[in-house]
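Chemist: Attaching a single structure in structure tokens format; questions to follow.
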Amino acid sequence: MISLIVATRGRVAEIGALFESLAAQEQPFEVILADQNEDGRLGALVSEWGDRFPLLHLRSEVANANAGRNLGLRHARGEIVAFPDDDCLLKPGTLAQVRAAFAADPRLAVLTGPAEAPEGGLGSGRWRSEGGPITFANAWTSVIEFNLWLRRDIALALGGFDERMGPGTRFGSAEGNDLVCRAIAAGHAARYEPGLRVVHPDKRLSPEAVARAARYGEGLGFALRRHGVPARIWAPFLYRPLAGAALSLLRGRGLHARYYLATLRGRFAGMRAAPLPPPGPLA
């Protein structure tokens, strides 16, 4: 069985759409809903879907995506766990594709794939075009949290997601890259499959996106430093936003320039941040 752990706050209709996509899957699964809302807005949704598939509704008082994910991980019963966002969709046959990949390779501990835009094609971000093993060098273009599949016992032994990273924290991104790198460091096999796609809305460039760009940048910078990535790997993550800011200014696109500069500042800050030890195993 596959356990799908959904940490959520503030959304209702999008979760219903996710559940619709799950109901079309032909493989056994359970859903664990880590509810971080302060009200009971999800009560009707849970009642509606609780008879359609196994659904465990947990309340999480901490407004932190990784705390919700780890809460769900502690309660998961499936051999494989995944962490879809509350606004993504699974394409038909996704769970069958995942089960087949793990069944074909008993050594496989981690499986990932890219984001797909709702209108088709790859979603935002840089993605590897070729599949294969994930390494410290290519993990940065091979991982997104909502398309990350792990064996449950290994996820627990690794401590799950680092709750000092991700949405709701200073280091607002790259928690999935960090988890995969910790799995690789522990000797586990991880693989990226370009054909394994999860549909997710692309983030729109807005003043709010600019405001969180620095936190997202800090998360990536922190993860790059934590795992000792060599300069040839991390340097492009600094000069690309610098070049993007310069080009945006030349084109008169002030919002884009602010976004790139905030990203650059965040990545510098994350790489200079004090190191933190990785999390311990989850009970």
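Residue numbering restarts at 1 for every chain of the structure tokens, chains are lettered A, B, ... in their displayed order, and ligands are numbered from 1 as they appear.
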With only C-alpha atoms counted and 9 Å as the cut-off, give the residues of range 180-235 of chain A in contact with range 151-158 of chain A, each with its shortest interatomic distance in Å and the pair that gives it, as JSON lines.
Modeler:
{"residue": "A:Arg182", "atom": "CA", "partner": "A:Leu158", "partner_atom": "CA", "distance": 7.2}
{"residue": "A:Ala183", "atom": "CA", "partner": "A:Leu158", "partner_atom": "CA", "distance": 7.0}
{"residue": "A:Ala186", "atom": "CA", "partner": "A:Leu158", "partner_atom": "CA", "distance": 8.5}
{"residue": "A:His188", "atom": "CA", "partner": "A:Ile154", "partner_atom": "CA", "distance": 8.7}
Chemist: Rank A:Lys91, A:Ala96, A:Pro167, A:Leu22 by their smallest atom-to-atom distance to Thr8 in chain A, using only C-alpha atoms, and report the top residue only.
Modeler: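 Distance minimum relative to Thr8 in chain A lands on A:Pro167.
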Chemist: Restricting the calculation to only C-alpha atoms: of A:Leu4, A:Ala185, A:Ala13, A:Ala214, which residue gets closest to Leu73 in chain A?
Modeler: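 Distance minimum relative to Leu73 in chain A lands on A:Leu4.
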Chemist: Per residue of range 120-217 of chain A within 12 Å of range 252-255 of chain A, which atom pair is closest and at what distance in Å (one decimal), using only C-alpha atoms, listed by chain and increasing number, as a tab-separated table?
Modeler:
residue	atom	partner	partner_atom	distance
A:Arg204	CA	A:Leu255	CA	11.7
A:Leu205	CA	A:Leu255	CA	7.9
A:Ser206	CA	A:Leu255	CA	7.6
A:Pro207	CA	A:Leu255	CA	7.4
A:Glu208	CA	A:Leu255	CA	10.7
A:Ala209	CA	A:Leu255	CA	9.8
A:Val210	CA	A:Leu255	CA	7.7
A:Ala211	CA	A:Leu255	CA	10.9
A:Ala213	CA	A:Leu255	CA	11.8
Chemist: Just to be explicit: take each residue in the selection above, keep N, CA, C and O atoms, and write the result as a PDB file, in the first residue's frame.
Modeler:
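Final file, again-v4.pdb:
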ATOM      1  N   ARG A 204       2.893  31.943  -9.771  1.00  0.00           N
ATOM      2  CA  ARG A 204       2.845  33.196 -10.502  1.00  0.00           C
ATOM      3  C   ARG A 204       3.783  34.211  -9.858  1.00  0.00           C
ATOM      4  O   ARG A 204       3.921  34.262  -8.632  1.00  0.00           O
ATOM      5  N   LEU A 205       4.421  35.011 -10.697  1.00  0.00           N
ATOM      6  CA  LEU A 205       5.283  36.064 -10.182  1.00  0.00           C
ATOM      7  C   LEU A 205       4.411  37.210  -9.691  1.00  0.00           C
ATOM      8  O   LEU A 205       3.656  37.806 -10.452  1.00  0.00           O
ATOM      9  N   SER A 206       4.488  37.493  -8.416  1.00  0.00           N
ATOM     10  CA  SER A 206       3.672  38.520  -7.772  1.00  0.00           C
ATOM     11  C   SER A 206       4.506  39.154  -6.669  1.00  0.00           C
ATOM     12  O   SER A 206       5.584  38.646  -6.315  1.00  0.00           O
ATOM     13  N   PRO A 207       4.037  40.259  -6.095  1.00  0.00           N
ATOM     14  CA  PRO A 207       4.773  40.823  -4.948  1.00  0.00           C
ATOM     15  C   PRO A 207       4.924  39.819  -3.809  1.00  0.00           C
ATOM     16  O   PRO A 207       5.946  39.822  -3.107  1.00  0.00           O
ATOM     17  N   GLU A 208       3.931  38.941  -3.617  1.00  0.00           N
ATOM     18  CA  GLU A 208       4.048  37.911  -2.572  1.00  0.00           C
ATOM     19  C   GLU A 208       5.147  36.913  -2.915  1.00  0.00           C
ATOM     20  O   GLU A 208       5.891  36.465  -2.021  1.00  0.00           O
ATOM     21  N   ALA A 209       5.261  36.562  -4.195  1.00  0.00           N
ATOM     22  CA  ALA A 209       6.330  35.650  -4.610  1.00  0.00           C
ATOM     23  C   ALA A 209       7.696  36.274  -4.390  1.00  0.00           C
ATOM     24  O   ALA A 209       8.650  35.589  -3.996  1.00  0.00           O
ATOM     25  N   VAL A 210       7.809  37.564  -4.644  1.00  0.00           N
ATOM     26  CA  VAL A 210       9.073  38.261  -4.398  1.00  0.00           C
ATOM     27  C   VAL A 210       9.397  38.240  -2.912  1.00  0.00           C
ATOM     28  O   VAL A 210      10.544  38.017  -2.509  1.00  0.00           O
ATOM     29  N   ALA A 211       8.374  38.434  -2.074  1.00  0.00           N
ATOM     30  CA  ALA A 211       8.604  38.461  -0.627  1.00  0.00           C
ATOM     31  C   ALA A 211       9.109  37.129  -0.102  1.00  0.00           C
ATOM     32  O   ALA A 211       9.928  37.097   0.828  1.00  0.00           O
ATOM     33  N   ALA A 213      10.763  34.890  -1.963  1.00  0.00           N
ATOM     34  CA  ALA A 213      11.904  34.412  -2.755  1.00  0.00           C
ATOM     35  C   ALA A 213      13.164  34.319  -1.900  1.00  0.00           C
ATOM     36  O   ALA A 213      13.973  33.399  -2.085  1.00  0.00           O
TER      37      ALA A 213
END
Chemist: Can you tell me, as number ranges by chain, what residues are no more than 7 Å from range 113-125 of chain A when counting only C-alpha atoms, ignoring any on the same chain fewer than 3 positions away?
Modeler: A: 142-144, 147, 192-202
Chemist: Give the strand (DSSP E) residues of range 115-283 of chain A, as assigned by DSSP on the backbone, as a compact mmCIF listing (two decimals) with all heavy atoms, in the first residue's frame.
Modeler:
# COMPACT_ATOMS: atom_id res chain seq x y z
N ALA A 115 7.77 18.15 -11.99
CA ALA A 115 6.44 18.75 -11.97
C ALA A 115 5.92 18.87 -13.39
O ALA A 115 6.69 19.07 -14.33
CB ALA A 115 6.50 20.12 -11.31
N GLU A 116 4.62 18.75 -13.54
CA GLU A 116 3.97 19.00 -14.83
C GLU A 116 3.01 20.17 -14.68
O GLU A 116 2.23 20.24 -13.71
CB GLU A 116 3.22 17.77 -15.32
CG GLU A 116 2.52 17.98 -16.65
CD GLU A 116 1.96 16.71 -17.25
OE1 GLU A 116 2.72 15.72 -17.35
OE2 GLU A 116 0.77 16.69 -17.61
N GLY A 132 17.71 8.39 -14.29
CA GLY A 132 18.84 7.65 -13.76
C GLY A 132 19.08 7.94 -12.30
O GLY A 132 18.27 8.59 -11.63
N PRO A 133 20.20 7.45 -11.77
CA PRO A 133 20.50 7.63 -10.35
C PRO A 133 20.59 9.10 -9.96
O PRO A 133 21.06 9.94 -10.74
CB PRO A 133 21.86 6.93 -10.18
CG PRO A 133 21.93 5.97 -11.32
CD PRO A 133 21.22 6.62 -12.46
N LEU A 148 7.82 13.00 -4.59
CA LEU A 148 8.90 12.31 -3.89
C LEU A 148 8.30 11.09 -3.20
O LEU A 148 7.40 11.21 -2.38
CB LEU A 148 9.53 13.26 -2.86
CG LEU A 148 10.53 12.71 -1.86
CD1 LEU A 148 11.71 12.04 -2.56
CD2 LEU A 148 11.03 13.82 -0.94
N TRP A 149 8.83 9.90 -3.53
CA TRP A 149 8.30 8.62 -3.06
C TRP A 149 9.41 7.86 -2.36
O TRP A 149 10.51 7.71 -2.90
CB TRP A 149 7.76 7.82 -4.24
CG TRP A 149 6.87 8.61 -5.14
CD1 TRP A 149 7.26 9.51 -6.09
CD2 TRP A 149 5.44 8.61 -5.16
NE1 TRP A 149 6.16 10.06 -6.71
CE2 TRP A 149 5.03 9.52 -6.16
CE3 TRP A 149 4.46 7.90 -4.45
CZ2 TRP A 149 3.68 9.76 -6.45
CZ3 TRP A 149 3.13 8.13 -4.74
CH2 TRP A 149 2.75 9.05 -5.73
N LEU A 150 9.15 7.40 -1.14
CA LEU A 150 10.18 6.74 -0.34
C LEU A 150 9.62 5.48 0.31
O LEU A 150 8.42 5.40 0.60
CB LEU A 150 10.71 7.65 0.78
CG LEU A 150 11.25 9.03 0.45
CD1 LEU A 150 10.15 10.07 0.59
CD2 LEU A 150 12.41 9.37 1.37
N ARG A 151 10.51 4.54 0.60
CA ARG A 151 10.12 3.43 1.46
C ARG A 151 9.94 3.98 2.88
O ARG A 151 10.79 4.72 3.38
CB ARG A 151 11.17 2.33 1.43
CG ARG A 151 11.31 1.67 0.04
CD ARG A 151 12.10 0.38 0.10
NE ARG A 151 12.39 -0.12 -1.24
CZ ARG A 151 11.57 -0.92 -1.94
NH1 ARG A 151 10.43 -1.31 -1.41
NH2 ARG A 151 11.91 -1.33 -3.16
N ALA A 189 19.73 3.84 -2.51
CA ALA A 189 19.62 4.12 -3.94
C ALA A 189 18.43 5.04 -4.20
O ALA A 189 17.33 4.82 -3.69
CB ALA A 189 19.45 2.81 -4.71
N ALA A 190 18.66 6.07 -5.01
CA ALA A 190 17.62 7.02 -5.38
C ALA A 190 17.64 7.19 -6.90
O ALA A 190 18.71 7.24 -7.51
CB ALA A 190 17.86 8.37 -4.69
N ARG A 191 16.45 7.28 -7.49
CA ARG A 191 16.38 7.39 -8.94
C ARG A 191 15.34 8.43 -9.37
O ARG A 191 14.30 8.58 -8.74
CB ARG A 191 16.02 6.03 -9.56
CG ARG A 191 16.18 6.01 -11.09
CD ARG A 191 16.08 4.62 -11.67
NE ARG A 191 14.72 4.13 -11.75
CZ ARG A 191 14.25 3.08 -11.10
NH1 ARG A 191 15.07 2.39 -10.30
NH2 ARG A 191 13.01 2.69 -11.21
N TYR A 192 15.66 9.12 -10.46
CA TYR A 192 14.79 10.13 -11.06
C TYR A 192 14.22 9.58 -12.36
O TYR A 192 14.96 9.06 -13.20
CB TYR A 192 15.60 11.39 -11.32
CG TYR A 192 14.93 12.44 -12.17
CD1 TYR A 192 13.92 13.26 -11.65
CD2 TYR A 192 15.32 12.64 -13.49
CE1 TYR A 192 13.32 14.24 -12.44
CE2 TYR A 192 14.73 13.62 -14.28
CZ TYR A 192 13.74 14.41 -13.74
OH TYR A 192 13.16 15.38 -14.52
N VAL A 198 3.79 14.71 -11.67
CA VAL A 198 2.65 15.12 -10.85
C VAL A 198 2.28 16.53 -11.28
O VAL A 198 3.15 17.40 -11.41
CB VAL A 198 3.00 15.07 -9.34
CG1 VAL A 198 1.90 15.73 -8.52
CG2 VAL A 198 3.20 13.63 -8.89
N VAL A 199 0.99 16.76 -11.49
CA VAL A 199 0.52 18.05 -11.99
C VAL A 199 0.43 19.04 -10.82
O VAL A 199 -0.16 18.73 -9.78
CB VAL A 199 -0.85 17.90 -12.67
CG1 VAL A 199 -1.35 19.26 -13.17
CG2 VAL A 199 -0.76 16.90 -13.82
Chemist: Figure out the distance between CA of Arg226 in chain A and CA of Leu179 in chain A, please, to one decimal in Å.
Modeler: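 Result for CA of Leu179 in chain A versus CA of Arg226 in chain A: 11.3 Å, one decimal.
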Chemist: Show me, as number ranges by chain, the residues that have an atom within 12 Å of range 227-234 of chain A when counting only C-alpha atoms, minus same-chain residues fewer than 2 positions from it.
Modeler: A: 135-141, 174, 177-185, 220-225, 236-240, 264, 267-268, 270-271, 275-278
Chemist: Separation of CA of Val110 in chain A and CA of Val81 in chain A, in Å?
Modeler: 9.9 Å
Chemist: Step one, run DSSP on the backbone; step two, keep only residues of range 139-176 of chain A assigned to alpha helix (DSSP H); then write them as a PyMOL selection string.
Modeler: chain A and resi 152-157+175-176
Chemist: Include N, CA, C and O atoms and write out the residues we just selected as a short mmCIF file (atom, residue, chain, number, x, y, z; two decimals), in the first residue's frame.
Modeler:
data_model
loop_
_atom_site.label_atom_id
_atom_site.label_comp_id
_atom_site.auth_asym_id
_atom_site.auth_seq_id
_atom_site.Cartn_x
_atom_site.Cartn_y
_atom_site.Cartn_z
N ARG A 152 8.83 3.60 3.50
CA ARG A 152 8.47 4.21 4.79
C ARG A 152 9.51 3.97 5.87
O ARG A 152 9.84 4.89 6.64
N ASP A 153 10.05 2.74 5.98
CA ASP A 153 11.00 2.47 7.04
C ASP A 153 12.26 3.31 6.88
O ASP A 153 12.86 3.76 7.89
N ILE A 154 12.67 3.56 5.66
CA ILE A 154 13.85 4.38 5.43
C ILE A 154 13.55 5.84 5.74
O ILE A 154 14.38 6.55 6.35
N ALA A 155 12.37 6.32 5.36
CA ALA A 155 11.99 7.70 5.67
C ALA A 155 11.98 7.94 7.18
O ALA A 155 12.45 8.98 7.67
N LEU A 156 11.47 6.98 7.95
CA LEU A 156 11.46 7.11 9.40
C LEU A 156 12.88 7.10 9.97
O LEU A 156 13.22 7.89 10.85
N ALA A 157 13.71 6.20 9.47
CA ALA A 157 15.09 6.11 9.97
C ALA A 157 15.87 7.39 9.69
O ALA A 157 16.75 7.77 10.49
N GLU A 175 13.76 21.32 1.23
CA GLU A 175 13.71 20.26 2.23
C GLU A 175 13.65 18.88 1.59
O GLU A 175 14.13 17.91 2.16
N GLY A 176 13.06 18.80 0.41
CA GLY A 176 13.05 17.53 -0.30
C GLY A 176 14.43 17.15 -0.81
O GLY A 176 14.85 16.00 -0.70
#
Chemist: In Å, with one decimal, what is the gap from CA of Gly131 in chain A to CA of Gly244 in chain A?
Modeler: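 A separation of 27.8 Å between them.
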Chemist: With distances taken over only C-alpha atoms, which residue among A:Pro54, A:Gly10, A:Gly159, A:Gly266 lies nearest Leu42 in chain A?
Modeler: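 Looking only at the distances to Leu42 in chain A, the closest residue turns out to be A:Gly10.
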